[in-house]
>>> print(open('target.csv').read())   # CSV, C-alpha atoms
chain,number,residue,atom,x,y,z
A,103,MET,CA,23.5,38.7,7.8
A,104,LYS,CA,21.9,40.7,5.0
A,105,ASN,CA,25.3,41.7,3.6
A,106,LEU,CA,26.4,38.1,3.7
A,107,PHE,CA,23.3,37.0,1.9
A,108,GLU,CA,23.9,39.7,-0.7
A,109,LYS,CA,27.5,38.5,-1.2
A,110,ILE,CA,26.2,34.9,-1.8
A,111,LEU,CA,23.5,36.0,-4.2
A,112,LEU,CA,26.1,38.0,-6.2
A,113,GLN,CA,28.5,35.0,-6.4
A,114,ILE,CA,26.2,32.1,-7.1
A,115,ASN,CA,25.8,31.3,-10.7
A,116,LEU,CA,22.1,31.4,-11.4
A,117,LYS,CA,21.0,30.6,-14.9
A,118,ASN,CA,17.6,31.2,-16.6
A,119,ILE,CA,16.6,34.0,-14.2
A,120,SER,CA,15.2,36.1,-17.0
A,121,TYR,CA,13.3,33.2,-18.6
A,122,PHE,CA,9.6,33.7,-18.0
A,123,ASN,CA,8.0,30.6,-16.5
A,124,ASN,CA,5.0,31.0,-14.2
A,125,ASN,CA,4.5,27.4,-13.4
A,126,SER,CA,5.5,27.9,-9.8
A,127,ILE,CA,7.2,24.5,-9.4
A,128,LEU,CA,9.8,23.7,-6.7
A,129,ILE,CA,11.8,20.6,-7.4
A,130,CYS,CA,13.4,19.0,-4.3
A,131,PHE,CA,15.6,16.0,-3.8
A,132,ALA,CA,15.6,13.4,-1.1
A,133,GLY,CA,19.2,12.1,-1.5
A,134,ILE,CA,22.3,11.5,0.6
A,135,PRO,CA,25.3,13.6,-0.3
A,136,CYS,CA,27.1,12.2,-3.4
A,137,SER,CA,24.0,10.3,-4.5
A,138,GLY,CA,23.7,12.2,-7.8
A,139,LYS,CA,21.5,15.2,-6.9
A,140,THR,CA,23.5,17.8,-8.7
A,141,ARG,CA,24.0,15.8,-11.9
A,142,LEU,CA,20.2,15.2,-12.1
A,143,ALA,CA,19.4,18.8,-11.1
A,144,LYS,CA,21.6,20.1,-14.0
A,145,LYS,CA,19.7,17.9,-16.5
A,146,ILE,CA,16.4,19.2,-15.2
A,147,GLU,CA,17.7,22.8,-15.3
A,148,LYS,CA,18.7,22.4,-18.9
A,149,LYS,CA,15.5,20.7,-20.1
A,150,TYR,CA,13.0,23.0,-18.2
A,151,LYS,CA,15.1,26.2,-18.1
A,152,GLY,CA,14.7,26.2,-14.4
A,153,ILE,CA,16.7,28.2,-11.8
A,154,ARG,CA,19.0,25.8,-10.0
A,155,ILE,CA,20.1,26.7,-6.5
A,156,ASN,CA,23.1,24.7,-5.5
A,157,SER,CA,23.9,24.3,-1.8
A,158,ASP,CA,27.4,23.1,-2.4
A,159,GLN,CA,28.2,26.3,-4.3
A,160,ILE,CA,26.8,28.3,-1.4
A,161,ARG,CA,29.0,26.3,1.1
A,162,LYS,CA,32.0,27.0,-1.0
A,163,ILE,CA,31.4,30.7,-1.1
A,164,LEU,CA,30.8,30.7,2.7
A,165,SER,CA,33.9,28.7,3.4
A,166,ARG,CA,35.9,31.9,2.6
A,167,PHE,CA,34.2,33.7,5.5
A,168,ILE,CA,33.1,31.0,7.9
A,169,LYS,CA,35.3,28.1,9.0
A,170,GLU,CA,33.0,26.3,11.4
A,171,ASN,CA,31.1,23.6,9.6
A,172,GLU,CA,28.0,23.8,11.8
A,173,LYS,CA,27.7,27.6,11.5
A,174,ARG,CA,28.2,27.4,7.7
A,175,GLU,CA,25.4,24.7,7.4
A,176,LYS,CA,23.0,26.9,9.5
A,177,ILE,CA,23.7,29.9,7.2
A,178,VAL,CA,23.2,27.8,4.0
A,179,ARG,CA,19.8,26.7,5.3
A,180,GLU,CA,18.9,30.3,6.3
A,181,PHE,CA,20.0,31.6,2.9
A,182,LEU,CA,17.9,29.0,1.0
A,183,ILE,CA,14.8,29.8,3.0
A,184,LYS,CA,15.3,33.5,2.7
A,185,PHE,CA,16.0,33.2,-1.0
A,186,LEU,CA,12.8,31.3,-1.6
A,187,LYS,CA,10.8,33.7,0.6
A,188,ASP,CA,12.0,36.8,-1.2
A,189,PHE,CA,12.2,35.1,-4.6
A,190,PRO,CA,12.7,38.0,-7.1
A,191,PHE,CA,12.7,36.3,-10.5
A,192,LYS,CA,10.1,35.9,-13.3
A,193,ASN,CA,11.0,32.3,-13.7
A,194,LYS,CA,9.1,30.3,-11.1
A,195,PHE,CA,10.5,26.9,-12.0
A,196,VAL,CA,13.1,26.4,-9.2
A,197,ILE,CA,15.3,23.4,-8.6
A,198,LEU,CA,16.7,23.1,-5.1
A,199,ASP,CA,19.9,21.3,-5.6
A,200,SER,CA,20.2,20.2,-2.0
A,201,GLY,CA,19.0,17.3,0.2
A,202,ILE,CA,15.6,18.2,1.5
A,203,GLU,CA,15.6,15.9,4.5
A,204,ARG,CA,16.4,18.4,7.3
A,205,LYS,CA,14.7,21.4,5.9
A,206,PHE,CA,11.5,20.0,4.4
A,207,ASN,CA,9.1,21.6,6.9
A,208,GLU,CA,10.5,25.1,6.4
A,209,ILE,CA,10.7,24.7,2.6
A,210,LYS,CA,7.1,23.3,2.5
A,211,GLU,CA,5.8,26.3,4.5
A,212,VAL,CA,7.6,28.8,2.2
A,213,ALA,CA,6.4,27.0,-0.9
A,214,PHE,CA,2.8,27.0,0.4
A,215,LEU,CA,2.9,30.8,1.1
A,216,ALA,CA,4.5,31.5,-2.3
A,217,GLY,CA,2.1,29.2,-4.2
A,218,TRP,CA,4.7,26.8,-5.4
A,219,LYS,CA,3.9,23.1,-6.0
A,220,ILE,CA,6.6,20.8,-4.6
A,221,PHE,CA,7.8,17.9,-6.7
A,222,ILE,CA,10.1,15.5,-4.6
A,223,ILE,CA,12.5,13.2,-6.3
A,224,LYS,CA,13.9,10.4,-4.2
A,225,ILE,CA,17.3,9.3,-5.5
A,226,ILE,CA,18.3,5.7,-4.9
A,227,THR,CA,22.0,5.1,-5.2
A,228,PRO,CA,23.7,1.9,-3.8
A,229,LYS,CA,25.3,2.6,-0.4
A,230,LYS,CA,28.6,1.2,-1.6
A,231,GLU,CA,28.6,3.7,-4.5
A,232,ILE,CA,27.8,6.6,-2.2
A,233,LEU,CA,30.6,5.7,0.2
A,234,LYS,CA,33.0,5.5,-2.7
A,235,ARG,CA,32.0,9.0,-3.9
A,236,ILE,CA,32.2,10.5,-0.4
A,237,ARG,CA,35.6,9.0,0.1
A,238,LYS,CA,36.8,10.6,-3.2
A,239,LYS,CA,35.0,14.0,-2.8
A,240,ASP,CA,35.7,14.6,0.9
A,241,PRO,CA,38.4,12.2,2.2
A,242,VAL,CA,38.8,14.1,5.5
A,243,ARG,CA,35.1,13.9,6.4
A,244,PHE,CA,35.0,10.3,5.3
A,245,LYS,CA,37.9,9.4,7.6
A,246,GLU,CA,37.4,11.7,10.6
A,247,HIS,CA,33.7,12.2,10.7
A,248,PRO,CA,31.9,8.9,10.0
A,249,GLU,CA,29.1,10.0,12.3
A,250,ASP,CA,28.1,12.5,9.7
A,251,ILE,CA,27.7,9.8,7.1
A,252,LYS,CA,25.7,7.6,9.4
A,253,ARG,CA,23.4,10.6,10.2
A,254,TRP,CA,22.9,11.3,6.5
A,255,PHE,CA,21.7,7.7,5.9
A,256,LYS,CA,19.5,7.9,9.0
A,257,GLU,CA,17.9,11.2,8.0
A,258,TYR,CA,17.3,10.0,4.5
A,259,LYS,CA,15.6,6.8,5.7
A,260,GLU,CA,13.4,8.7,8.2
A,261,PHE,CA,12.4,11.3,5.7
A,262,ASN,CA,11.3,8.7,3.2
A,263,LYS,CA,9.2,6.9,5.9
A,264,ARG,CA,7.3,10.1,6.6
A,265,HIS,CA,7.0,11.7,3.1
A,266,LYS,CA,6.0,10.3,-0.2
A,267,SER,CA,8.1,11.2,-3.2
A,268,ASP,CA,6.6,12.1,-6.6
A,269,PHE,CA,9.3,10.2,-8.4
A,270,ILE,CA,11.9,7.6,-7.5
A,271,PHE,CA,15.1,8.0,-9.6
A,272,LYS,CA,17.4,5.0,-9.8
A,273,LYS,CA,19.5,5.5,-12.9
A,274,ASP,CA,19.8,7.6,-16.1
A,275,SER,CA,17.5,5.3,-18.0
A,276,ASP,CA,14.7,6.8,-15.7
A,277,LEU,CA,15.1,10.2,-17.3
A,278,THR,CA,12.4,9.7,-19.9
A,279,ARG,CA,10.0,8.6,-17.2
A,280,LEU,CA,11.0,11.4,-15.0
A,281,TYR,CA,10.4,14.0,-17.7
A,282,SER,CA,7.0,12.5,-18.5
A,283,LYS,CA,6.0,12.6,-14.8
A,284,LEU,CA,7.3,16.2,-14.5
A,285,ASP,CA,5.4,17.3,-17.7
A,286,SER,CA,2.2,15.8,-16.2
A,287,PHE,CA,2.8,17.5,-12.9
A,288,ILE,CA,3.4,20.9,-14.6
A,289,ARG,CA,0.1,20.6,-16.5
A,290,GLN,CA,-1.9,20.0,-13.3
>>> encode(input="target.csv", output="structure tokens")
Amino acid sequence: MKNLFEKILLQINLKNISYFNNNSILICFAGIPCSGKTRLAKKIEKKYKGIRINSDQIRKILSRFIKENEKREKIVREFLIKFLKDFPFKNKFVILDSGIERKFNEIKEVAFLAGWKIFIIKIITPKKEILKRIRKKDPVRFKEHPEDIKRWFKEYKEFNKRHKSDFIFKKDSDLTRLYSKLDSFIRQ
């Protein structure tokens, strides 16, 4: 497993790793696949010079070695947790470009031990728009595995019942408010 994690680490495109930022902030997203997490994560990465870890990129790397979806998902999760536990960079502003719903308890524990403050952004995108994006991005899954999509919506709903988000993002016009909220959070 160690060799696989090293392969992933060498292949993921991490920016801002040498930028010094000791704010120890972990940005997480509550959002269904295709809700806009990556687009928003990239904007935050650019503005705050954070290190963005993209789970889709990790999946793509793993797909060359591992064909089974469930096994690949398990390794993505394990990699993210290990990466955060062994975090080697000076820049402590991390953007977890991934839905947090299924791994929140593990992430929260690692963040606590590392001294990171967690900032959760809940992304609200109309269901019709999400389904349209999923159909375009992954037509096979959309057609052959509708149970996955139902599960995503259920997990998102359950997570948001149990956990309070620091910010609710609905559309790009919310960026100014989001940045203001993040600036306040960083100063705390």
>>> closest_residue(input="target.csv", among="A:Arg154, A:Leu106, A:Phe244, A:Lys283", to="Arg174 (chain A)", atoms="all atoms listed in the file")
A:Leu106
>>> closest_residue(input="target.csv", among="A:Arg161, A:Thr227, A:Leu233, A:Phe221", to="Lys252 (chain A)", atoms="all atoms listed in the file")
A:Leu233
>>> atom_distance(input="target.csv", atom1="CA of Lys162 (chain A)", atom2="CA of Ile146 (chain A)")
22.5 Å
>>> residues_around(input="target.csv", residues="Ala213 (chain A)", least_positions_apart="2", cutoff="10 Å", atoms="only C-alpha atoms", output="MDAnalysis selection string")
chainID A and resid 126:128 183 186:187 207:211 215:220
>>> atom_distance(input="target.csv", atom1="CA of Lys263 (chain A)", atom2="CA of Ile160 (chain A)")
28.7 Å
>>> atom_distance(input="target.csv", atom1="CA of Lys272 (chain A)", atom2="CA of Thr140 (chain A)")
14.2 Å
>>> closest_residue(input="target.csv", among="A:Lys184, A:Lys151, A:Arg279, A:Lys139", to="Tyr121 (chain A)", atoms="all atoms listed in the file")
A:Lys151
>>> closest_residue(input="target.csv", among="A:Arg166, A:Lys266, A:Lys173, A:Arg289", to="Ile110 (chain A)", atoms="only C-alpha atoms")
A:Arg166
>>> residues_around(input="target.csv", residues="Ile251 (chain A)", least_positions_apart="6", cutoff="10 Å", atoms="only C-alpha atoms", output="PDB file with C-alpha atoms, in the frame of the given file")
ATOM      1  CA  ILE A 134      22.300  11.500   0.600  1.00  0.00           C
ATOM      2  CA  PRO A 135      25.300  13.600  -0.300  1.00  0.00           C
ATOM      3  CA  ILE A 232      27.800   6.600  -2.200  1.00  0.00           C
ATOM      4  CA  LEU A 233      30.600   5.700   0.200  1.00  0.00           C
ATOM      5  CA  ILE A 236      32.200  10.500  -0.400  1.00  0.00           C
ATOM      6  CA  ARG A 243      35.100  13.900   6.400  1.00  0.00           C
ATOM      7  CA  PHE A 244      35.000  10.300   5.300  1.00  0.00           C
ATOM      8  CA  GLU A 257      17.900  11.200   8.000  1.00  0.00           C
TER       9      GLU A 257
END
